[in-house]
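Peer 1: My questions will all concern the structure given below.
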Amino acid sequence: MTERIDFCFAPDGVDPQSIPQRILYTGAKMPAIGLGTFGSDHITSQQIAEAVKGAASVGYRHFDCASVYGNEKEVGASFQEILKGGVKREDMFVTSKLWNDKHNEADVVPSFKQSLADLQLDYLDLYLVHWPFPNFHPKGCSVDSRSPDAKPYIHENFMKIWRQLESLVDAGLVRHIGTSNMTIPKLKLLLRDAKIKPAVNEMELHPHFQQPELFQYCLDNGIAPIGYCPIGSPARPERDRTPDDTVDIEDPVIVKIAERLGVHPAVVCVKWAVQRGQAPIPFSVTRRNYLANLKATVENPLTPEEMAAIAGIDKNNRLIKGHVFLWKDGQDWHALWDESGEITPA
Ligand SMILES: NC(=O)c1ccc[n+]([C@@H]2O[C@H](COP(=O)([O-])OP(=O)(O)OC[C@H]3O[C@@H](n4cnc5c(N)ncnc54)[C@H](OP(=O)(O)O)[C@@H]3O)[C@@H](O)[C@H]2O)c1
């Protein structure tokens, strides 16, 4: 028999009411920290499903899911237990994402409905286009892998997907829609053409990769930034590692602050993210760690001097480079990120 978890009153947890909230442009609230659910290919779906329940029991209400994580069924079973355990659906904030092999117009709504069914919910709070490229690649493939059908960003095609997402909002199946891994030039076109604006952009954000321009652009345009890999993804798969990558949790500035507070450097990364104004979604299957990350949002804030010191350690060190989305031989991954300020020509 499984042990019964009380989702509302874990004695050492954090009252969900006290967790900072981001106000989306609709006026809806989104908890300023969520639990990531991507197991980096080595943590099982069952472990993640257990962590979702454990996280809810200590006060998490925001969960970042995606069809490609391959665990929405197991996570959905946990949501059922959480709801039966007394948490109200309206107090939860659940995200899922459309994977790259479902960018055909006709595939969008069925893929969304599959996620909804797997997650055992009757609506989602947020649905994102996971990447702005329609290129299928199998889960876990190497960075050298290229799809023979690879395509660049084609705005007209992206808008066809977006219209499908808008239809999901109109049908009451999702409360907000948004993007992930977008750039300023792509967001400009989307903001120009969308009937329903993106409510969030999910993007890589950690002390060594602060993306200040894109971050500010999102805030200026009423788009809430959700930060992935907030701790610098120390357990990311081998394929996402390069020799030049730096390690946020070993940075002397982060380590010094962690020593002052008597916490793990990961907790400092989470505090910085929440105080800066993004909503980090740290992954963890270890109760001590996910609880520490949640407490980071309500206890012992960083001082203005510490916030300024962390602002100074940005190394523009992108970890998730996206090689598999390249559409031409000989291209460099920088082409994916429109670094010239224009969308990279096809
Ligand atoms: N939209 C996208 O394209 C995209 C891309 C990548 C990721 N994501 C999302 O972002 C989430 C987070 O990213 P991520 O999983 O790559 O990296 P991350 O959250 O930066 O790092 C997770 C790692 O940090 C460890 N950790 C967490 N809290 C800790 C603490 N307090 N002390 C010590 N270690 C700690 C975890 O180990 P333990 O489990 O042992 O605690 C885990 O190995 C993903 O799960 C996914 O939901 C989205």
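Naming works like this for the structure tokens: A, B, ... for the chains as they're shown, residue 1 at the start of each chain, ligands 1 onward in shown order.
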Give me the residues near Ser115 (chain A) as a PyMOL selection string, where near means some atom within 12 Å (using only C-alpha atoms) and where sequence neighbours in that chain fewer than 4 positions away do not count.

Peer 2: chain A and resi 65-76+94-99+108-111+119-124+126-128+173-174

Peer 1: Mind writing the picked residues with C-alpha atoms as a JSON list (two decimals), in the first residue's frame?

Peer 2:
[["chain", "number", "residue", "atom", "x", "y", "z"],
["A", 65, "CYS", "CA", 5.51, 19.26, -18.44],
["A", 66, "ALA", "CA", 5.95, 18.36, -22.11],
["A", 67, "SER", "CA", 4.88, 15.50, -24.35],
["A", 68, "VAL", "CA", 8.51, 14.83, -25.35],
["A", 69, "TYR", "CA", 9.50, 14.18, -21.73],
["A", 70, "GLY", "CA", 7.67, 10.87, -22.18],
["A", 71, "ASN", "CA", 6.18, 10.86, -18.69],
["A", 72, "GLU", "CA", 2.89, 12.77, -18.93],
["A", 73, "LYS", "CA", 0.87, 9.61, -18.16],
["A", 74, "GLU", "CA", 2.78, 8.99, -14.93],
["A", 75, "VAL", "CA", 2.73, 12.70, -14.01],
["A", 76, "GLY", "CA", -1.01, 12.74, -14.77],
["A", 94, "VAL", "CA", 0.14, 23.12, -15.34],
["A", 95, "THR", "CA", 2.09, 23.62, -18.56],
["A", 96, "SER", "CA", 2.62, 21.28, -21.49],
["A", 97, "LYS", "CA", 4.33, 21.74, -24.86],
["A", 98, "LEU", "CA", 3.85, 20.82, -28.49],
["A", 99, "TRP", "CA", 6.81, 18.80, -29.79],
["A", 108, "VAL", "CA", -1.58, 20.34, -33.19],
["A", 109, "VAL", "CA", -5.00, 19.86, -31.58],
["A", 110, "PRO", "CA", -4.72, 16.03, -31.40],
["A", 111, "SER", "CA", -1.28, 16.34, -29.79],
["A", 119, "LEU", "CA", -2.19, 14.55, -17.63],
["A", 120, "GLN", "CA", -5.80, 13.62, -16.66],
["A", 121, "LEU", "CA", -6.93, 17.24, -16.66],
["A", 122, "ASP", "CA", -9.78, 19.00, -18.42],
["A", 123, "TYR", "CA", -7.84, 22.15, -19.19],
["A", 124, "LEU", "CA", -4.22, 23.33, -19.10],
["A", 126, "LEU", "CA", -0.37, 27.04, -20.39],
["A", 127, "TYR", "CA", 0.49, 25.38, -23.70],
["A", 128, "LEU", "CA", 3.76, 26.22, -25.45],
["A", 173, "LEU", "CA", -9.14, 23.96, -23.26],
["A", 174, "VAL", "CA", -6.15, 26.09, -22.35]]

Peer 1: Quick one: residues within 6 Å of ligand 1, with only C-alpha atoms and all ligand atoms, as a PyMOL selection string?

Peer 2: chain A and resi 36-38+64-65+130+180+202+228-236+264+266-267+281-286+289-290+292-293

Peer 1: For CA of Glu213 (chain A) and CA of Trp272 (chain A), determine how far apart the two atoms are, in Å to one decimal place.

Peer 2: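 The value is 17.3 Å.
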
Peer 1: Pick out the residues sitting within 9 Å of Ala273 (chain A), and hand them over as a PyMOL selection string; count only C-alpha atoms, and ignore anything fewer than 5 positions along from it in its own chain.

Peer 2: chain A and resi 205-207+227+230+268+278-280

Peer 1: Which residue is closest to Arg260 (chain A)? Choose from A:Thr183, A:Asn300, A:Gln17, A:Gln275 and count only C-alpha atoms.

Peer 2: A:Asn300

Peer 1: Could you check how far CA of Pro243 (chain A) sits from CA of Arg318 (chain A), in Å to one decimal?

Peer 2: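 Computing it gives 12.4 Å between the two atoms.
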
Peer 1: Which residues, written as an MDAnalysis selection string, have at least one atom at most 7 Å from Gly13 (chain A), with only C-alpha atoms counted and residues fewer than 3 positions away on the same chain left out?

Peer 2: chainID A and resid 10 58:59

Peer 1: Can you pull out the residues contacting Thr246 (chain A)? Cut-off 9 Å, using only C-alpha atoms, and skip same-chain residues under 3 positions away; I want them as a JSON list (two decimals) with N, CA and C atoms, in the first residue's frame.

Peer 2:
[["chain", "number", "residue", "atom", "x", "y", "z"],
["A", 208, "HIS", "N", 25.04, 32.22, -15.49],
["A", 208, "HIS", "CA", 26.02, 32.30, -16.57],
["A", 208, "HIS", "C", 25.38, 32.48, -17.94],
["A", 232, "GLY", "N", 21.77, 25.63, -14.07],
["A", 232, "GLY", "CA", 22.84, 25.31, -15.03],
["A", 232, "GLY", "C", 22.84, 23.84, -15.39],
["A", 243, "PRO", "N", 33.15, 21.35, -24.23],
["A", 243, "PRO", "CA", 34.28, 21.63, -23.34],
["A", 243, "PRO", "C", 34.30, 23.07, -22.82],
["A", 250, "GLU", "N", 29.60, 26.38, -9.46],
["A", 250, "GLU", "CA", 30.99, 26.45, -8.97],
["A", 250, "GLU", "C", 31.53, 27.87, -9.05],
["A", 251, "ASP", "N", 30.72, 28.80, -9.52],
["A", 251, "ASP", "CA", 31.19, 30.18, -9.66],
["A", 251, "ASP", "C", 31.50, 30.76, -8.27],
["A", 315, "LYS", "N", 28.13, 34.94, -18.46],
["A", 315, "LYS", "CA", 29.19, 34.51, -19.38],
["A", 315, "LYS", "C", 28.63, 34.18, -20.77],
["A", 317, "ASN", "N", 26.87, 31.89, -21.63],
["A", 317, "ASN", "CA", 27.17, 30.46, -21.83],
["A", 317, "ASN", "C", 25.88, 29.66, -22.04],
["A", 319, "LEU", "N", 23.77, 26.61, -22.77],
["A", 319, "LEU", "CA", 24.01, 25.17, -22.60],
["A", 319, "LEU", "C", 23.24, 24.35, -23.63]]

Peer 1: Nearest residue to Val200 (chain A) out of A:Lys84, A:His176, A:Lys113, A:Lys188, using only C-alpha atoms?

Peer 2: A:His176

Peer 1: Give the helix (DSSP H, G or I) residues of region 199-268 of chain A, as DSSP finds them on the backbone, and put them as a list in words.

Peer 2: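 Those in region 199-268 of chain A that DSSP calls helix (DSSP H, G or I) are Pro212, Glu213, Leu214, Phe215, Gln216, Tyr217, Cys218, Leu219, Asp220, Glu238, Arg239, Asp240, Asp248, Ile249, Glu250, Pro252, Val253, Ile254, Val255, Lys256, Ile257, Ala258, Glu259, Arg260, Leu261, Pro265, Ala266, Val267 and Val268 of chain A.
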
Peer 1: Step one, run DSSP on the backbone; step two, keep only residues of region 173-323 of chain A assigned to strand (DSSP E or B); then write them as a PyMOL selection string.

Peer 2: chain A and resi 174-180+200-204+206+209+224-228+279-280+283

Peer 1: Restricted to N, CA and C atoms, what would the selected residues look like written as a PDB file, in the first residue's frame?

Peer 2:
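Writing the result to again34.pdb gives the following:
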ATOM      1  N   VAL A 174      -7.401  25.588 -22.921  1.00  0.00           N
ATOM      2  CA  VAL A 174      -6.146  26.088 -22.351  1.00  0.00           C
ATOM      3  C   VAL A 174      -6.335  27.571 -22.016  1.00  0.00           C
ATOM      4  N   ARG A 175      -5.755  27.971 -20.872  1.00  0.00           N
ATOM      5  CA  ARG A 175      -5.967  29.355 -20.418  1.00  0.00           C
ATOM      6  C   ARG A 175      -4.989  30.340 -21.075  1.00  0.00           C
ATOM      7  N   HIS A 176      -3.756  29.881 -21.314  1.00  0.00           N
ATOM      8  CA  HIS A 176      -2.738  30.762 -21.908  1.00  0.00           C
ATOM      9  C   HIS A 176      -1.915  29.962 -22.909  1.00  0.00           C
ATOM     10  N   ILE A 177      -1.410  30.681 -23.905  1.00  0.00           N
ATOM     11  CA  ILE A 177      -0.499  30.033 -24.855  1.00  0.00           C
ATOM     12  C   ILE A 177       0.806  30.820 -24.883  1.00  0.00           C
ATOM     13  N   GLY A 178       1.856  30.144 -25.264  1.00  0.00           N
ATOM     14  CA  GLY A 178       3.145  30.825 -25.239  1.00  0.00           C
ATOM     15  C   GLY A 178       4.176  30.101 -26.079  1.00  0.00           C
ATOM     16  N   THR A 179       5.395  30.620 -25.980  1.00  0.00           N
ATOM     17  CA  THR A 179       6.487  30.142 -26.817  1.00  0.00           C
ATOM     18  C   THR A 179       7.630  29.641 -25.942  1.00  0.00           C
ATOM     19  N   SER A 180       8.577  29.009 -26.581  1.00  0.00           N
ATOM     20  CA  SER A 180       9.783  28.562 -25.891  1.00  0.00           C
ATOM     21  C   SER A 180      10.912  28.619 -26.907  1.00  0.00           C
ATOM     22  N   VAL A 200       3.731  33.823 -22.081  1.00  0.00           N
ATOM     23  CA  VAL A 200       5.071  33.567 -21.537  1.00  0.00           C
ATOM     24  C   VAL A 200       6.012  33.196 -22.684  1.00  0.00           C
ATOM     25  N   ASN A 201       7.297  33.356 -22.416  1.00  0.00           N
ATOM     26  CA  ASN A 201       8.328  32.726 -23.250  1.00  0.00           C
ATOM     27  C   ASN A 201       9.208  31.932 -22.310  1.00  0.00           C
ATOM     28  N   GLU A 202       9.307  30.625 -22.562  1.00  0.00           N
ATOM     29  CA  GLU A 202      10.197  29.792 -21.744  1.00  0.00           C
ATOM     30  C   GLU A 202      11.568  29.794 -22.411  1.00  0.00           C
ATOM     31  N   MET A 203      12.593  30.117 -21.637  1.00  0.00           N
ATOM     32  CA  MET A 203      13.918  30.328 -22.222  1.00  0.00           C
ATOM     33  C   MET A 203      14.986  29.892 -21.227  1.00  0.00           C
ATOM     34  N   GLU A 204      16.170  29.566 -21.751  1.00  0.00           N
ATOM     35  CA  GLU A 204      17.263  29.176 -20.856  1.00  0.00           C
ATOM     36  C   GLU A 204      17.723  30.408 -20.075  1.00  0.00           C
ATOM     37  N   HIS A 206      20.084  31.291 -16.476  1.00  0.00           N
ATOM     38  CA  HIS A 206      20.814  30.969 -15.242  1.00  0.00           C
ATOM     39  C   HIS A 206      21.923  32.004 -15.117  1.00  0.00           C
ATOM     40  N   PHE A 209      24.029  32.571 -17.973  1.00  0.00           N
ATOM     41  CA  PHE A 209      23.346  32.810 -19.255  1.00  0.00           C
ATOM     42  C   PHE A 209      22.075  33.601 -18.972  1.00  0.00           C
ATOM     43  N   ALA A 224       5.683  36.920 -19.728  1.00  0.00           N
ATOM     44  CA  ALA A 224       6.402  36.499 -18.515  1.00  0.00           C
ATOM     45  C   ALA A 224       7.518  35.522 -18.892  1.00  0.00           C
ATOM     46  N   PRO A 225       8.765  35.813 -18.470  1.00  0.00           N
ATOM     47  CA  PRO A 225       9.836  34.860 -18.777  1.00  0.00           C
ATOM     48  C   PRO A 225       9.851  33.691 -17.776  1.00  0.00           C
ATOM     49  N   ILE A 226       9.798  32.471 -18.319  1.00  0.00           N
ATOM     50  CA  ILE A 226       9.994  31.269 -17.491  1.00  0.00           C
ATOM     51  C   ILE A 226      11.414  30.806 -17.772  1.00  0.00           C
ATOM     52  N   GLY A 227      12.174  30.536 -16.717  1.00  0.00           N
ATOM     53  CA  GLY A 227      13.594  30.214 -16.908  1.00  0.00           C
ATOM     54  C   GLY A 227      13.874  28.732 -16.767  1.00  0.00           C
ATOM     55  N   TYR A 228      14.348  28.118 -17.865  1.00  0.00           N
ATOM     56  CA  TYR A 228      14.728  26.693 -17.738  1.00  0.00           C
ATOM     57  C   TYR A 228      16.234  26.548 -17.499  1.00  0.00           C
ATOM     58  N   ALA A 279      10.405  33.192 -13.722  1.00  0.00           N
ATOM     59  CA  ALA A 279       9.862  32.066 -12.952  1.00  0.00           C
ATOM     60  C   ALA A 279      10.728  30.852 -13.268  1.00  0.00           C
ATOM     61  N   PRO A 280      11.668  30.498 -12.374  1.00  0.00           N
ATOM     62  CA  PRO A 280      12.515  29.339 -12.640  1.00  0.00           C
ATOM     63  C   PRO A 280      11.723  28.045 -12.456  1.00  0.00           C
ATOM     64  N   PHE A 283      14.476  21.389 -11.863  1.00  0.00           N
ATOM     65  CA  PHE A 283      14.147  19.962 -11.783  1.00  0.00           C
ATOM     66  C   PHE A 283      14.768  19.416 -10.516  1.00  0.00           C
TER      67      PHE A 283
END

Peer 1: Contacts of Phe136 (chain A) at 8 Å or less, counting only C-alpha atoms, minus same-chain residues fewer than 5 places along, as a list of chain:residue names?

Peer 2: A:Asn100, A:Asp101, A:Ser147, A:Ala150

Peer 1: Smallest atom-to-atom distance to Pro31 (chain A): which of A:Met307, A:Ile249, A:Ile19, A:Ala117, using only C-alpha atoms?

Peer 2: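 The closest residue to Pro31 (chain A) is A:Ile19.
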